[in-house]
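What follows is a single structure, written as structure tokens, with notes after it.
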Amino acid sequence: MTAQLIDGNALSLQLRAQVAARVQALQAKGITPGLAVLLVGENPASQVYVRNKVKACEDAGLHSLLEKYDASMTEADLLARVEGLNNDPRIHGILVQLPLPAHIDGQKVIEAISPAKDVDGFHIASAGALMTGMPGFWPCTPYGCMKMLESIGYDLKGQHAVVIGRSNIVGKPMALMLLQKNATVTICHSATPDLKAMTLQADVIVAAVGKRNVLTADMVKPGAVVLDVGMNRNDEGKLCGDVDFEGVKEVASYITPVPGGVGPMTITMLLVNTLEAAETSAAKDH
Ligand code: GUN
């Protein structure tokens with residue numbers, strides 16, 4: 001069998017058109033959704049990510065504010081800047097790009113963001129809301145994965161989903177979202193003794209480790225759906241995911257490519273979260 005691709009670029013195009021239409025509706029009421037992106041230091045990958053986020057905002061008609069700070073910025077100064085943005089009515093979403101320099105406590109900075117503007121969904125209040133099924137912002141990468149499953153009409157009820165990776169940004173929230181849709185969820189990680197025994201039972205596999213070839217064809221049940229969150233470089237320097245795409249595509253029913261899979265969806269869901277923050281704020285003001 002050759003798997004069908006879940007095309008993150010094509011799905012993003014559709015969803016971003018819907019975002020742009022809702023942005024226009026808000027603008028008719030005099031409100032432009034605004035995202036502030038804070039980058040501290042010169043991490044080259046972070047520079048690319050923030051550039052892509054800001055460009056996506058512009059393309060969809062959102063206002064974006066990119067603030068770049070020297071790596072020597074103090075934690076107190078960054079906290080003060082976040083507080084300023086919390087109180088800025090033109091800004092509906094605040095994103096502090098991670099990782100931060102070692103002398104800054106990243107979790108402390110995230111907790112300083114108002115939960116109403118936490119469009120990354122990393123605040124402990126957002127995490128708690130996801131855990132308990134209350135309204136709140138969902139982290140963009142796993143949220144994008146859920147949209148990809150929705151796009152193929154996949155019903156998770158009673159299906160076995162295996163998540164590889166347990167980060168706060170992807171693995172843990174991914175597991176909670178799958179659980180909310182009534183999947184049976186297994187979380188695997190570096191201390192899982194027999195990963196293959198787990199993945200062979202899976203109807204859906206989400207690979208979110210950050211290491212090449214974590215998932216190979218012999219580890220996948222025929223017909224499984226495979227979502228690849230990885231962003232790695234192969235020996236030739238080409239972007240690749242955590243999944244051995246060439247092998248696994250012969251076994252899976254659906255698979256996401258890298259690039260052009262989960263990556264663009266992450267940015268799309270950031271736009272959705274920022275738009276919804278602005279819509280919520282507009283509804284409160286009326
Ligand atoms: N660093 C890597 N991914 C992300 C992300 O989704 N949000 C932020 N703020 N930083 C990141």
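Letters A, B, ... go to the chains of the structure tokens in the order shown; residues in each chain start at 1; ligands are counted from 1 in the same order.
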
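Using only C-alpha atoms, the contacts of Met231 in chain A at a cut-off of 8 Å, with sequence neighbours closer than 3 positions omitted, comprise Gly210, Leu239, Cys240, Gly241, Asp242 and Val258 of chain A.
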
Item to complete: Kindly compile the residues surrounding ligand 1 within 9 Å, counting only C-alpha atoms and all ligand atoms, and format them as JSON, numbers by chain.
Response: {"A": [37, 38, 39, 45, 46, 49, 50, 94, 95, 96, 97, 98, 99, 100, 110, 120, 121, 122, 139, 140, 141, 169, 170, 266, 267, 270]}

Counting only C-alpha atoms, what are the residues of range 44-140 of chain A within 9 Å of range 171-179 of chain A, and for each of them which pair of atoms is the nearest and at what distance in Å, to one decimal? Sort the table by chain and rising number, as CSV.
```
residue,atom,partner,partner_atom,distance
A:Ala127,CA,A:Pro173,CA,7.5
A:Leu130,CA,A:Leu176,CA,7.1
A:Met131,CA,A:Leu176,CA,6.4
A:Trp138,CA,A:Pro173,CA,7.8
A:Pro139,CA,A:Pro173,CA,7.1
```

Taking a cut-off of 9 Å and counting only C-alpha atoms, can you build a table that, for each residue of range 113-196 of chain A near range 63-87 of chain A, reports the nearest atom pair and how far apart they are in Å (one decimal), sorted by chain then residue number, as a tab-separated table?
```
residue	atom	partner	partner_atom	distance
A:Ile113	CA	A:Val82	CA	6.2
A:Ser114	CA	A:Asn86	CA	5.9
A:Ala116	CA	A:Asn86	CA	8.8
A:Lys117	CA	A:Asn86	CA	7.3
```

Worksheet item: Closest to His160 in chain A among A:Asp203, A:Asp285, A:Glu111, A:Glu236, using only C-alpha atoms?
Response: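 Checking each of A:Asp203, A:Asp285, A:Glu111, A:Glu236 against His160 in chain A, counting only C-alpha atoms, the winner is A:Asp203.
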
Item to complete: Determine which residues of range 172-250 of chain A DSSP labels as strand (DSSP E) from the backbone of this structure, then write them out as a PyMOL selection string.
Response: chain A and resi 184-188+204-207+225-228+232-233+239-240

Can I get the residues of range 258-284 of chain A within 9 Å of range 21-31 of chain A, each with the closest pair of atoms and their distance in Å to one decimal, using only C-alpha atoms, sorted chain first then ascending number, as CSV?
```
residue,atom,partner,partner_atom,distance
A:Leu275,CA,A:Val23,CA,6.9
A:Ala278,CA,A:Ile31,CA,7.9
A:Glu279,CA,A:Leu26,CA,7.3
A:Ala282,CA,A:Ile31,CA,7.6
```

Item to complete: Find, counting only C-alpha atoms, the residue in A:Leu35, A:Ile187, A:Ala197, A:Met148 that gets nearest to Asp88 in chain A.
Response: A:Leu35

Discussion item. Would you compute the distance between CA of Thr2 in chain A and CA of Val251 in chain A? Give it in Å to one decimal.
Written reply: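 A separation of 6.7 Å between them.
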
Item to complete: Apply DSSP to the backbone of this structure and, from range 162-284 of chain A, keep only the residues in helix (DSSP H, G or I); write these as a PyMOL selection string.
Response: chain A and resi 171-180+195-199+217-219+245-248+262-284

Residues from last step as file, N, CA and C atoms, as a compact mmCIF listing (two decimals), in the first residue's frame:
```txt
# COMPACT_ATOMS: atom_id res chain seq x y z
N GLY A 171 4.29 16.44 23.05
CA GLY A 171 3.87 15.09 23.44
C GLY A 171 2.73 15.08 24.45
N LYS A 172 2.91 15.79 25.57
CA LYS A 172 1.87 15.74 26.61
C LYS A 172 0.55 16.36 26.15
N PRO A 173 0.58 17.59 25.58
CA PRO A 173 -0.72 18.13 25.11
C PRO A 173 -1.34 17.29 23.99
N MET A 174 -0.50 16.71 23.13
CA MET A 174 -1.02 15.85 22.06
C MET A 174 -1.82 14.68 22.65
N ALA A 175 -1.25 14.06 23.67
CA ALA A 175 -1.91 12.92 24.30
C ALA A 175 -3.27 13.34 24.88
N LEU A 176 -3.31 14.52 25.50
CA LEU A 176 -4.57 14.99 26.10
C LEU A 176 -5.63 15.28 25.05
N MET A 177 -5.20 15.84 23.91
CA MET A 177 -6.16 16.14 22.83
C MET A 177 -6.73 14.86 22.24
N LEU A 178 -5.87 13.86 22.06
CA LEU A 178 -6.32 12.56 21.52
C LEU A 178 -7.28 11.89 22.50
N LEU A 179 -6.95 12.00 23.78
CA LEU A 179 -7.81 11.44 24.83
C LEU A 179 -9.18 12.11 24.84
N GLN A 180 -9.16 13.44 24.65
CA GLN A 180 -10.42 14.18 24.64
C GLN A 180 -11.34 13.70 23.51
N LEU A 195 9.80 0.11 22.18
CA LEU A 195 8.95 1.06 21.45
C LEU A 195 8.17 0.36 20.33
N LYS A 196 8.85 -0.52 19.64
CA LYS A 196 8.22 -1.20 18.49
C LYS A 196 6.98 -1.99 18.91
N ALA A 197 7.06 -2.63 20.08
CA ALA A 197 5.90 -3.41 20.57
C ALA A 197 4.69 -2.49 20.76
N MET A 198 4.95 -1.25 21.15
CA MET A 198 3.87 -0.26 21.34
C MET A 198 3.35 0.24 20.00
N THR A 199 4.26 0.69 19.14
CA THR A 199 3.81 1.32 17.89
C THR A 199 3.10 0.31 16.98
N ALA A 217 9.50 1.41 9.00
CA ALA A 217 8.36 0.66 8.44
C ALA A 217 8.02 -0.58 9.27
N ASP A 218 9.03 -1.25 9.80
CA ASP A 218 8.79 -2.49 10.56
C ASP A 218 8.09 -2.23 11.90
N MET A 219 7.93 -0.93 12.28
CA MET A 219 7.32 -0.58 13.56
C MET A 219 5.86 -0.14 13.39
N PHE A 245 10.35 8.29 6.14
CA PHE A 245 9.20 8.53 5.27
C PHE A 245 9.13 7.51 4.13
N GLU A 246 10.25 7.26 3.47
CA GLU A 246 10.24 6.38 2.29
C GLU A 246 9.75 4.98 2.65
N GLY A 247 10.18 4.47 3.79
CA GLY A 247 9.75 3.14 4.21
C GLY A 247 8.31 3.14 4.74
N VAL A 248 8.01 4.08 5.62
CA VAL A 248 6.72 4.06 6.32
C VAL A 248 5.56 4.35 5.36
N VAL A 262 3.35 19.03 9.29
CA VAL A 262 2.93 19.64 10.56
C VAL A 262 3.48 21.07 10.70
N GLY A 263 4.66 21.34 10.14
CA GLY A 263 5.30 22.67 10.29
C GLY A 263 4.38 23.83 9.93
N PRO A 264 3.86 23.87 8.70
CA PRO A 264 2.97 24.98 8.36
C PRO A 264 1.70 25.01 9.20
N MET A 265 1.25 23.85 9.66
CA MET A 265 0.03 23.81 10.50
C MET A 265 0.27 24.48 11.85
N THR A 266 1.49 24.37 12.37
CA THR A 266 1.79 25.01 13.65
C THR A 266 1.57 26.52 13.55
N ILE A 267 2.07 27.10 12.47
CA ILE A 267 1.91 28.55 12.30
C ILE A 267 0.44 28.89 12.05
N THR A 268 -0.24 28.06 11.30
CA THR A 268 -1.66 28.30 11.04
C THR A 268 -2.45 28.35 12.35
N MET A 269 -2.17 27.42 13.26
CA MET A 269 -2.93 27.40 14.50
C MET A 269 -2.57 28.58 15.41
N LEU A 270 -1.35 29.09 15.25
CA LEU A 270 -0.99 30.32 15.96
C LEU A 270 -1.86 31.49 15.48
N LEU A 271 -2.10 31.54 14.18
CA LEU A 271 -2.97 32.59 13.63
C LEU A 271 -4.39 32.41 14.16
N VAL A 272 -4.85 31.15 14.19
CA VAL A 272 -6.21 30.87 14.69
C VAL A 272 -6.32 31.30 16.16
N ASN A 273 -5.33 30.94 16.97
CA ASN A 273 -5.38 31.31 18.39
C ASN A 273 -5.37 32.82 18.58
N THR A 274 -4.54 33.51 17.78
CA THR A 274 -4.47 34.97 17.91
C THR A 274 -5.79 35.61 17.49
N LEU A 275 -6.35 35.11 16.40
CA LEU A 275 -7.66 35.61 15.94
C LEU A 275 -8.70 35.39 17.04
N GLU A 276 -8.70 34.21 17.63
CA GLU A 276 -9.72 33.91 18.65
C GLU A 276 -9.51 34.75 19.92
N ALA A 277 -8.25 35.04 20.23
CA ALA A 277 -7.98 35.94 21.37
C ALA A 277 -8.59 37.31 21.09
N ALA A 278 -8.44 37.77 19.85
CA ALA A 278 -8.99 39.09 19.48
C ALA A 278 -10.52 39.05 19.47
N GLU A 279 -11.09 37.96 18.97
CA GLU A 279 -12.56 37.85 18.94
C GLU A 279 -13.13 37.84 20.36
N THR A 280 -12.46 37.12 21.25
CA THR A 280 -12.92 37.06 22.65
C THR A 280 -12.82 38.43 23.29
N SER A 281 -11.71 39.12 23.03
CA SER A 281 -11.52 40.46 23.60
C SER A 281 -12.58 41.43 23.04
N ALA A 282 -12.89 41.30 21.76
CA ALA A 282 -13.90 42.18 21.14
C ALA A 282 -15.27 41.91 21.74
N ALA A 283 -15.58 40.62 21.99
CA ALA A 283 -16.90 40.28 22.54
C ALA A 283 -17.06 40.84 23.95
N LYS A 284 -15.95 40.89 24.71
CA LYS A 284 -16.00 41.42 26.08
C LYS A 284 -16.25 42.92 26.10
```
